[in-house]
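One file, target-v2.txt, is given below (compact mmCIF, C-alpha atoms and all ligand atoms).
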# COMPACT_ATOMS: atom_id res chain seq x y z
CA MET A 1 232.87 56.78 75.05
CA THR A 2 229.96 58.61 76.73
CA ALA A 3 226.92 59.43 74.63
CA ASP A 4 227.88 63.07 74.10
CA ALA A 5 231.67 62.66 73.87
CA ALA A 6 233.01 64.35 70.73
CA PRO A 7 233.41 61.88 67.84
CA ARG A 8 236.90 61.53 66.36
CA LYS A 9 237.37 64.16 63.69
CA GLN A 10 238.53 62.88 60.32
CA THR A 11 241.75 64.46 59.07
CA THR A 12 243.63 64.30 55.80
CA LEU A 13 245.97 61.88 57.62
CA SER A 14 243.15 59.55 58.75
CA ILE A 15 241.78 59.59 55.20
CA ARG A 16 245.22 58.84 53.74
CA GLU A 17 245.63 55.93 56.18
CA ARG A 18 242.57 54.22 54.69
CA LYS A 19 244.76 53.18 51.78
CA GLN A 20 246.65 50.87 54.15
CA SER A 21 243.81 49.90 56.48
CA GLY A 22 241.56 49.01 53.56
CA GLU A 23 238.47 50.58 55.16
CA LYS A 24 236.60 52.22 52.29
CA ILE A 25 236.01 55.99 52.36
CA ALA A 26 232.35 57.03 52.13
CA ALA A 27 231.92 60.58 50.83
CA LEU A 28 228.95 62.74 49.83
CA THR A 29 228.39 66.34 48.81
CA ALA A 30 226.47 68.90 50.89
CA TYR A 31 225.65 72.54 50.29
CA ASP A 32 223.80 73.59 53.47
CA TYR A 33 223.95 73.29 57.26
CA THR A 34 220.98 70.94 57.78
CA THR A 35 222.11 68.36 55.23
CA ALA A 36 225.70 68.52 56.47
CA ALA A 37 224.61 67.86 60.06
CA LEU A 38 222.53 64.85 58.95
CA LEU A 39 225.41 63.39 56.91
CA ASP A 40 227.90 64.01 59.70
CA GLU A 41 225.66 62.41 62.33
CA SER A 42 225.21 59.41 60.01
CA GLY A 43 228.98 58.86 60.01
CA ILE A 44 230.00 59.98 56.53
CA ASP A 45 233.81 60.28 56.27
CA VAL A 46 234.13 63.18 53.85
CA ILE A 47 231.73 66.00 53.00
CA LEU A 48 232.50 67.84 49.78
CA VAL A 49 231.02 71.24 49.07
CA GLY A 50 231.12 70.44 45.38
CA ASP A 51 230.95 73.02 42.64
CA SER A 52 228.07 70.77 41.53
CA LEU A 53 226.13 73.26 43.66
CA SER A 54 226.15 75.30 40.45
CA ASN A 55 223.90 72.60 38.94
CA VAL A 56 221.84 71.26 41.81
CA PHE A 57 221.52 74.39 43.94
CA GLN A 58 221.75 77.26 41.46
CA GLY A 59 220.14 75.51 38.48
CA ASN A 60 222.98 76.18 36.01
CA GLU A 61 223.76 73.78 33.16
CA THR A 62 227.45 73.49 34.04
CA THR A 63 229.71 74.04 37.05
CA LEU A 64 231.46 76.98 35.39
CA PRO A 65 229.45 79.95 36.71
CA VAL A 66 229.89 79.36 40.47
CA THR A 67 232.22 81.86 42.19
CA VAL A 68 234.72 81.72 45.06
CA ASP A 69 232.41 83.93 47.15
CA GLU A 70 229.53 81.50 46.59
CA MET A 71 231.70 78.49 47.50
CA ILE A 72 232.73 80.30 50.68
CA TYR A 73 229.10 81.13 51.54
CA HIS A 74 228.01 77.48 51.23
CA THR A 75 231.11 76.06 52.93
CA LYS A 76 230.59 78.30 55.98
CA ALA A 77 227.04 76.95 56.34
CA VAL A 78 228.15 73.32 55.87
CA GLN A 79 231.03 73.70 58.33
CA LYS A 80 228.64 74.60 61.15
CA GLY A 81 226.93 71.21 60.74
CA ILE A 82 230.14 69.15 60.97
CA ARG A 83 231.69 67.54 64.04
CA ARG A 84 233.40 64.49 62.57
CA SER A 85 233.61 64.45 58.78
CA LEU A 86 236.49 65.88 56.76
CA LEU A 87 235.29 69.05 55.01
CA VAL A 88 236.57 69.61 51.48
CA THR A 89 235.64 72.56 49.25
CA ASP A 90 235.80 72.59 45.47
CA MET A 91 237.76 75.48 44.02
CA PRO A 92 235.64 76.83 41.17
CA PHE A 93 236.57 77.32 37.54
CA LEU A 94 239.20 80.05 36.99
CA SER A 95 240.01 80.44 40.69
CA TYR A 96 243.25 78.40 40.44
CA GLN A 97 244.12 78.10 36.74
CA VAL A 98 245.33 81.64 35.93
CA THR A 99 248.46 82.01 38.09
CA VAL A 100 249.97 80.28 41.10
CA GLU A 101 249.62 83.53 43.08
CA ASP A 102 245.94 83.70 42.25
CA ALA A 103 245.47 80.07 43.28
CA VAL A 104 247.27 80.57 46.59
CA ARG A 105 245.16 83.65 47.35
CA ASN A 106 241.85 81.96 46.47
CA CYS A 107 242.60 78.62 48.19
CA GLY A 108 243.94 80.56 51.18
CA ARG A 109 240.75 82.63 51.36
CA VAL A 110 238.62 79.48 51.38
CA MET A 111 240.67 77.94 54.20
CA LYS A 112 240.79 81.17 56.24
CA GLU A 113 237.15 82.17 55.90
CA THR A 114 235.37 78.78 56.03
CA ARG A 115 237.38 76.44 58.27
CA ALA A 116 237.37 73.84 55.47
CA ASP A 117 239.96 71.08 55.99
CA ALA A 118 241.07 70.91 52.34
CA VAL A 119 240.35 72.06 48.80
CA LYS A 120 239.70 70.04 45.65
CA LEU A 121 241.23 71.00 42.29
CA GLU A 122 240.44 69.47 38.89
CA GLY A 123 243.23 68.46 36.53
CA GLY A 124 246.65 66.84 36.33
CA SER A 125 249.92 68.05 34.80
CA ALA A 126 248.38 71.42 33.83
CA ILE A 127 247.96 72.42 37.49
CA ILE A 128 250.95 70.67 39.09
CA GLU A 129 252.78 73.87 40.07
CA VAL A 130 249.64 75.08 41.78
CA VAL A 131 249.17 71.82 43.68
CA GLN A 132 252.82 71.88 44.76
CA ARG A 133 252.75 75.48 45.99
CA VAL A 134 249.36 75.23 47.69
CA THR A 135 250.28 72.06 49.60
CA GLU A 136 253.71 73.51 50.41
CA ILE A 137 252.11 76.44 52.23
CA GLY A 138 249.88 74.15 54.26
CA ILE A 139 246.66 73.68 52.28
CA PRO A 140 245.77 70.02 51.68
CA VAL A 141 244.63 69.27 48.13
CA MET A 142 242.31 66.55 46.84
CA GLY A 143 242.90 65.93 43.12
CA HIS A 144 240.21 65.15 40.52
CA LEU A 145 240.82 63.28 37.23
CA GLY A 146 238.77 61.65 34.49
CA LEU A 147 235.54 63.46 33.66
CA THR A 148 236.42 66.84 35.14
CA PRO A 149 233.22 68.90 34.70
CA GLN A 150 235.04 72.25 34.56
CA SER A 151 236.45 71.04 31.19
CA ILE A 152 233.07 70.09 29.74
CA ASN A 153 233.44 72.61 26.91
CA VAL A 154 236.66 70.89 25.80
CA PHE A 155 235.20 67.38 26.16
CA GLY A 156 231.88 68.33 24.52
CA THR A 157 230.17 65.38 26.23
CA TYR A 158 229.55 63.90 29.69
CA LYS A 159 230.40 60.40 28.39
CA VAL A 160 232.96 58.12 30.08
CA ARG A 161 236.60 59.35 29.84
CA GLY A 162 239.69 57.18 29.44
CA THR A 163 238.33 54.66 26.99
CA GLN A 164 241.28 55.12 24.58
CA PRO A 165 244.89 54.06 25.37
CA GLU A 166 246.31 57.60 25.03
CA GLU A 167 243.88 59.15 27.48
CA GLN A 168 244.25 56.15 29.81
CA GLN A 169 248.00 56.68 29.89
CA LYS A 170 247.53 60.41 30.53
CA ILE A 171 245.19 59.74 33.48
CA ILE A 172 247.68 57.28 35.03
CA GLU A 173 250.55 59.76 34.57
CA ASP A 174 248.47 62.64 35.93
CA ALA A 175 247.61 60.60 39.02
CA LYS A 176 251.31 59.95 39.67
CA CYS A 177 252.12 63.65 39.08
CA LEU A 178 249.43 64.66 41.58
CA GLU A 179 250.76 62.18 44.12
CA ASP A 180 254.30 63.58 43.69
CA ALA A 181 252.95 67.13 44.03
CA GLY A 182 251.44 66.22 47.41
CA VAL A 183 247.69 65.55 47.07
CA PHE A 184 246.19 63.50 49.92
CA SER A 185 243.59 61.78 47.72
CA ILE A 186 242.28 61.77 44.16
CA VAL A 187 238.70 61.71 42.87
CA LEU A 188 238.31 59.57 39.75
CA GLU A 189 235.17 60.47 37.84
CA LYS A 190 233.46 58.38 35.17
CA ILE A 191 236.30 56.20 33.90
CA PRO A 192 236.32 52.45 33.18
CA THR A 193 236.58 50.11 36.18
CA SER A 194 239.84 48.58 34.90
CA LEU A 195 241.50 52.00 34.53
CA ALA A 196 240.34 53.11 38.00
CA ARG A 197 241.81 49.91 39.40
CA GLU A 198 245.13 50.53 37.66
CA VAL A 199 245.28 54.12 38.94
CA THR A 200 244.33 52.98 42.46
CA GLU A 201 247.12 50.40 42.42
CA SER A 202 249.67 52.87 41.01
CA VAL A 203 249.41 55.59 43.67
CA SER A 204 249.98 55.58 47.42
CA VAL A 205 247.13 58.01 48.15
CA PRO A 206 243.49 56.91 48.25
CA THR A 207 241.29 57.21 45.19
CA ILE A 208 237.63 58.15 45.58
CA GLY A 209 235.45 57.06 42.69
CA ILE A 210 232.28 58.40 41.14
CA GLY A 211 231.30 56.24 38.21
CA ALA A 212 234.71 54.55 38.45
CA GLY A 213 233.80 51.07 39.70
CA PRO A 214 234.36 49.21 42.96
CA HIS A 215 238.17 49.09 43.15
CA CYS A 216 238.69 52.70 44.28
CA ASP A 217 239.57 53.28 47.95
CA GLY A 218 236.28 55.13 48.44
CA GLN A 219 233.15 56.37 46.73
CA ILE A 220 231.48 59.77 46.41
CA LEU A 221 228.05 60.79 45.15
CA VAL A 222 226.13 64.04 44.89
CA VAL A 223 223.68 63.86 47.80
CA ASN A 224 220.76 65.17 45.72
CA ASP A 225 221.33 62.32 43.23
CA MET A 226 221.51 59.45 45.75
CA LEU A 227 218.39 60.74 47.51
CA GLY A 228 216.53 61.01 44.20
CA LEU A 229 215.67 64.70 44.49
CA ASN A 230 215.73 65.16 40.72
CA GLU A 231 213.23 62.86 39.05
CA HIS A 232 214.87 62.98 35.63
CA PHE A 233 218.65 62.89 36.29
CA ARG A 234 219.44 59.16 36.30
CA PRO A 235 223.02 58.42 35.25
CA ARG A 236 224.05 54.75 35.48
CA PHE A 237 226.64 55.37 38.22
CA VAL A 238 224.14 56.80 40.71
CA ARG A 239 222.46 54.39 43.09
CA ARG A 240 219.20 56.04 44.15
CA TYR A 241 218.55 55.20 47.80
CA ALA A 242 215.30 57.15 47.84
CA GLU A 243 212.87 58.95 45.56
CA LEU A 244 212.60 62.11 47.63
CA ASN A 245 211.20 64.01 44.64
CA ARG A 246 208.06 61.86 44.99
CA SER A 247 207.87 62.05 48.79
CA ILE A 248 208.31 65.83 48.80
CA ARG A 249 205.62 66.32 46.16
CA ASP A 250 203.25 64.02 48.07
CA TYR A 251 203.83 65.81 51.40
CA VAL A 252 203.46 69.23 49.82
CA LYS A 253 200.17 68.12 48.22
CA LEU A 254 198.91 66.95 51.64
CA TYR A 255 199.83 70.35 53.09
CA ILE A 256 198.11 72.25 50.28
CA ASP A 257 195.00 70.14 50.76
CA ASP A 258 195.01 70.69 54.53
CA VAL A 259 195.28 74.46 54.06
CA LYS A 260 192.50 74.58 51.45
CA GLN A 261 190.21 72.36 53.55
CA VAL A 262 191.01 74.38 56.69
CA ARG A 263 192.39 71.25 58.44
CA PHE A 264 195.60 73.16 59.15
CA PRO A 265 196.30 74.78 61.56
CA GLY A 266 194.41 72.72 64.17
CA LYS A 267 193.77 73.57 67.80
CA ASN A 268 197.14 72.22 68.94
CA GLU A 269 198.93 74.24 66.27
CA SER A 270 197.26 77.52 67.28
CA TYR A 271 197.63 79.93 70.27
O1 LIG B 1 231.26 68.94 42.38
C1 LIG B 1 231.07 67.78 42.78
O2 LIG B 1 230.04 67.46 43.36
C2 LIG B 1 232.15 66.82 42.55
C3 LIG B 1 231.99 65.39 42.76
C4 LIG B 1 233.17 64.56 42.73
C5 LIG B 1 230.80 64.72 43.09
O3 LIG B 1 233.20 67.22 42.16

Can you give me the file's structure in the form of structure tokens?
Amino acid sequence: MTADAAPRKQTTLSIRERKQSGEKIAALTAYDYTTAALLDESGIDVILVGDSLSNVFQGNETTLPVTVDEMIYHTKAVQKGIRRSLLVTDMPFLSYQVTVEDAVRNCGRVMKETRADAVKLEGGSAIIEVVQRVTEIGIPVMGHLGLTPQSINVFGTYKVRGTQPEEQQKIIEDAKCLEDAGVFSIVLEKIPTSLAREVTESVSVPTIGIGAGPHCDGQILVVNDMLGLNEHFRPRFVRRYAELNRSIRDYVKLYIDDVKQVRFPGKNESY
């Protein structure tokens, strides 16, 4: 391959095939063009425009307020930065739960207007008709089970899900339902390692874990979390590869100092 030959674009098929090949799927979120381009160039397999943008970009307490229009706005920006990664967009709260028609229209809008490769929907048996219809008309769906943040007001806590036998059974059944309905992968969020392993072994589509242990077929993190942009948000499942909150503060302080001391702009930075 020559240096500027186009890299092989990931597809829902190439992601599905990882289940057999055993090569783990590395996924991250992104909400803007610059970050997406950096992740894509680094070789990330999947970029998710997560509705976590409600928290980390918009500063809301939950993911509930973000709208379809806002998801479209961010996905369009992210898409422009991608050459290789699979681009998945989260469908926000209430954009797919009211009626199947509504879901088709909203998922269809996202695909048409953003050039996303797939959408992600939270939930199991409650949204099976939607998953079936949406995939049937040609929109690939990534499922999401376990701690589904759009249901935080029902859960009442961000603690680990699936610790009790009844909920464990429900998660396993939901995963099988989603597989039957046609999803190409399933995110498993904040569930015990043993349960994630059981789900992973029970379905033929790849599972992508976040706080779900090492046995999933891939892993996903919120990019702001793994880069340490928020000093105080430190859940156990996040590995912080950097402390960018510190670096950014330090660099901004240097800049402020340079401006105040008239060290910036210098000769070479002036006309
Ligand atoms: O919104 C999000 O970022 C997600 C994740 C799985 C990280 O759904």

Requested in this report: Could you pull out the residues sitting within 8 Å of ligand LIG 1 (chain B), using only C-alpha atoms and all ligand atoms, and write them as JSON, numbers by chain?
Outcome: {"A": [28, 29, 48, 49, 50, 51, 52, 53, 63, 90, 120, 144, 148, 149, 187, 188, 189, 209, 210, 220, 221, 222]}

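Comparing A:Arg133, A:Lys267, A:Arg8, A:Arg197 by their smallest distance to Asp40 (chain A), the closest is A:Arg8 (using only C-alpha atoms).
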
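If you measure from each of A:Asp117, A:Glu122, A:Asp69, A:Glu101 to Gln10 (chain A) using only C-alpha atoms, the closest one turns out to be A:Asp117.
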
Requested in this report: Could you tell me which of A:Ile208, A:Ala103, A:Leu64, A:Val252 comes closest to Leu145 (chain A) if we count all atoms listed in the file?
Outcome: A:Ile208

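We find CA of His232 (chain A) and CA of Tyr255 (chain A) to be spaced 24.2 Å apart.
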
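As for CA of Ile191 (chain A) and CA of Arg234 (chain A), they are spaced 17.3 Å apart.
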
Query raised in the report: Given the choices A:Asp102, A:Glu231, A:Glu269, A:Glu129, which gets closest to Ile248 (chain A) if the distance is worked out from all atoms listed in the file?
Result: A:Glu231

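The space between CA of Val66 (chain A) and CA of Gly162 (chain A) spans 26.6 Å.
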
Would you mind writing region 245-256 of chain A with all heavy atoms, as a CSV table (one decimal), in the coordinates of the input?
chain,number,residue,atom,x,y,z
A,245,ASN,N,212.0,63.1,45.5
A,245,ASN,CA,211.2,64.0,44.6
A,245,ASN,C,209.7,63.6,44.8
A,245,ASN,O,208.9,64.5,44.9
A,245,ASN,CB,211.7,63.9,43.2
A,245,ASN,CG,211.3,62.6,42.5
A,245,ASN,OD1,210.3,62.5,41.9
A,245,ASN,ND2,212.2,61.6,42.6
A,246,ARG,N,209.4,62.3,44.8
A,246,ARG,CA,208.1,61.9,45.0
A,246,ARG,C,207.5,62.2,46.4
A,246,ARG,O,206.4,62.7,46.5
A,246,ARG,CB,208.0,60.3,44.8
A,246,ARG,CG,207.4,60.0,43.4
A,246,ARG,CD,207.3,58.5,43.3
A,246,ARG,NE,208.2,58.0,42.4
A,246,ARG,CZ,208.8,56.8,42.4
A,246,ARG,NH1,208.5,56.0,43.4
A,246,ARG,NH2,209.6,56.4,41.5
A,247,SER,N,208.3,61.8,47.4
A,247,SER,CA,207.9,62.0,48.8
A,247,SER,C,207.6,63.5,49.0
A,247,SER,O,206.6,63.9,49.6
A,247,SER,CB,208.9,61.6,49.8
A,247,SER,OG,209.5,60.4,49.4
A,248,ILE,N,208.5,64.4,48.6
A,248,ILE,CA,208.3,65.8,48.8
A,248,ILE,C,207.0,66.3,48.1
A,248,ILE,O,206.2,67.0,48.7
A,248,ILE,CB,209.5,66.6,48.3
A,248,ILE,CG1,210.7,66.3,49.3
A,248,ILE,CG2,209.3,68.1,48.3
A,248,ILE,CD1,212.1,66.9,48.8
A,249,ARG,N,206.8,65.9,46.9
A,249,ARG,CA,205.6,66.3,46.2
A,249,ARG,C,204.4,65.8,46.9
A,249,ARG,O,203.4,66.6,47.1
A,249,ARG,CB,205.6,65.7,44.8
A,249,ARG,CG,206.3,66.6,43.8
A,249,ARG,CD,205.9,66.3,42.3
A,249,ARG,NE,207.0,66.6,41.5
A,249,ARG,CZ,208.0,65.8,41.1
A,249,ARG,NH1,207.9,64.5,41.4
A,249,ARG,NH2,208.9,66.3,40.3
A,250,ASP,N,204.4,64.6,47.4
A,250,ASP,CA,203.2,64.0,48.1
A,250,ASP,C,203.0,64.8,49.4
A,250,ASP,O,201.8,65.1,49.7
A,250,ASP,CB,203.5,62.5,48.4
A,250,ASP,CG,203.4,61.7,47.1
A,250,ASP,OD1,203.0,62.2,46.1
A,250,ASP,OD2,203.8,60.5,47.2
A,251,TYR,N,204.0,65.1,50.1
A,251,TYR,CA,203.8,65.8,51.4
A,251,TYR,C,203.3,67.2,51.1
A,251,TYR,O,202.5,67.7,51.9
A,251,TYR,CB,205.1,65.8,52.2
A,251,TYR,CG,205.5,64.5,52.8
A,251,TYR,CD1,206.7,63.9,52.6
A,251,TYR,CD2,204.5,63.7,53.5
A,251,TYR,CE1,207.1,62.7,53.1
A,251,TYR,CE2,204.8,62.4,54.0
A,251,TYR,CZ,206.1,61.9,53.8
A,251,TYR,OH,206.4,60.7,54.3
A,252,VAL,N,203.9,67.9,50.1
A,252,VAL,CA,203.5,69.2,49.8
A,252,VAL,C,202.0,69.2,49.4
A,252,VAL,O,201.2,70.1,49.8
A,252,VAL,CB,204.4,69.9,48.8
A,252,VAL,CG1,203.8,71.2,48.3
A,252,VAL,CG2,205.8,70.1,49.3
A,253,LYS,N,201.6,68.2,48.6
A,253,LYS,CA,200.2,68.1,48.2
A,253,LYS,C,199.3,68.0,49.4
A,253,LYS,O,198.2,68.6,49.5
A,253,LYS,CB,200.0,66.9,47.3
A,253,LYS,CG,200.4,67.3,45.8
A,253,LYS,CD,200.1,66.2,44.9
A,253,LYS,CE,200.8,66.4,43.6
A,253,LYS,NZ,201.1,65.2,42.9
A,254,LEU,N,199.7,67.1,50.4
A,254,LEU,CA,198.9,67.0,51.6
A,254,LEU,C,198.8,68.3,52.4
A,254,LEU,O,197.7,68.6,52.8
A,254,LEU,CB,199.6,66.0,52.6
A,254,LEU,CG,199.6,64.5,52.2
A,254,LEU,CD1,200.3,63.7,53.2
A,254,LEU,CD2,198.1,64.0,52.2
A,255,TYR,N,199.9,69.0,52.4
A,255,TYR,CA,199.8,70.4,53.1
A,255,TYR,C,198.9,71.3,52.4
A,255,TYR,O,198.0,72.0,53.0
A,255,TYR,CB,201.3,70.9,53.1
A,255,TYR,CG,201.3,72.4,53.5
A,255,TYR,CD1,201.1,72.8,54.8
A,255,TYR,CD2,201.6,73.4,52.6
A,255,TYR,CE1,201.1,74.1,55.2
A,255,TYR,CE2,201.6,74.7,52.9
A,255,TYR,CZ,201.4,75.1,54.2
A,255,TYR,OH,201.4,76.4,54.6
A,256,ILE,N,199.0,71.3,51.0
A,256,ILE,CA,198.1,72.2,50.3
A,256,ILE,C,196.6,71.9,50.5
A,256,ILE,O,195.8,72.8,50.8
A,256,ILE,CB,198.4,72.1,48.8
A,256,ILE,CG1,199.8,72.7,48.5
A,256,ILE,CG2,197.4,72.9,47.9
A,256,ILE,CD1,200.3,72.4,47.1
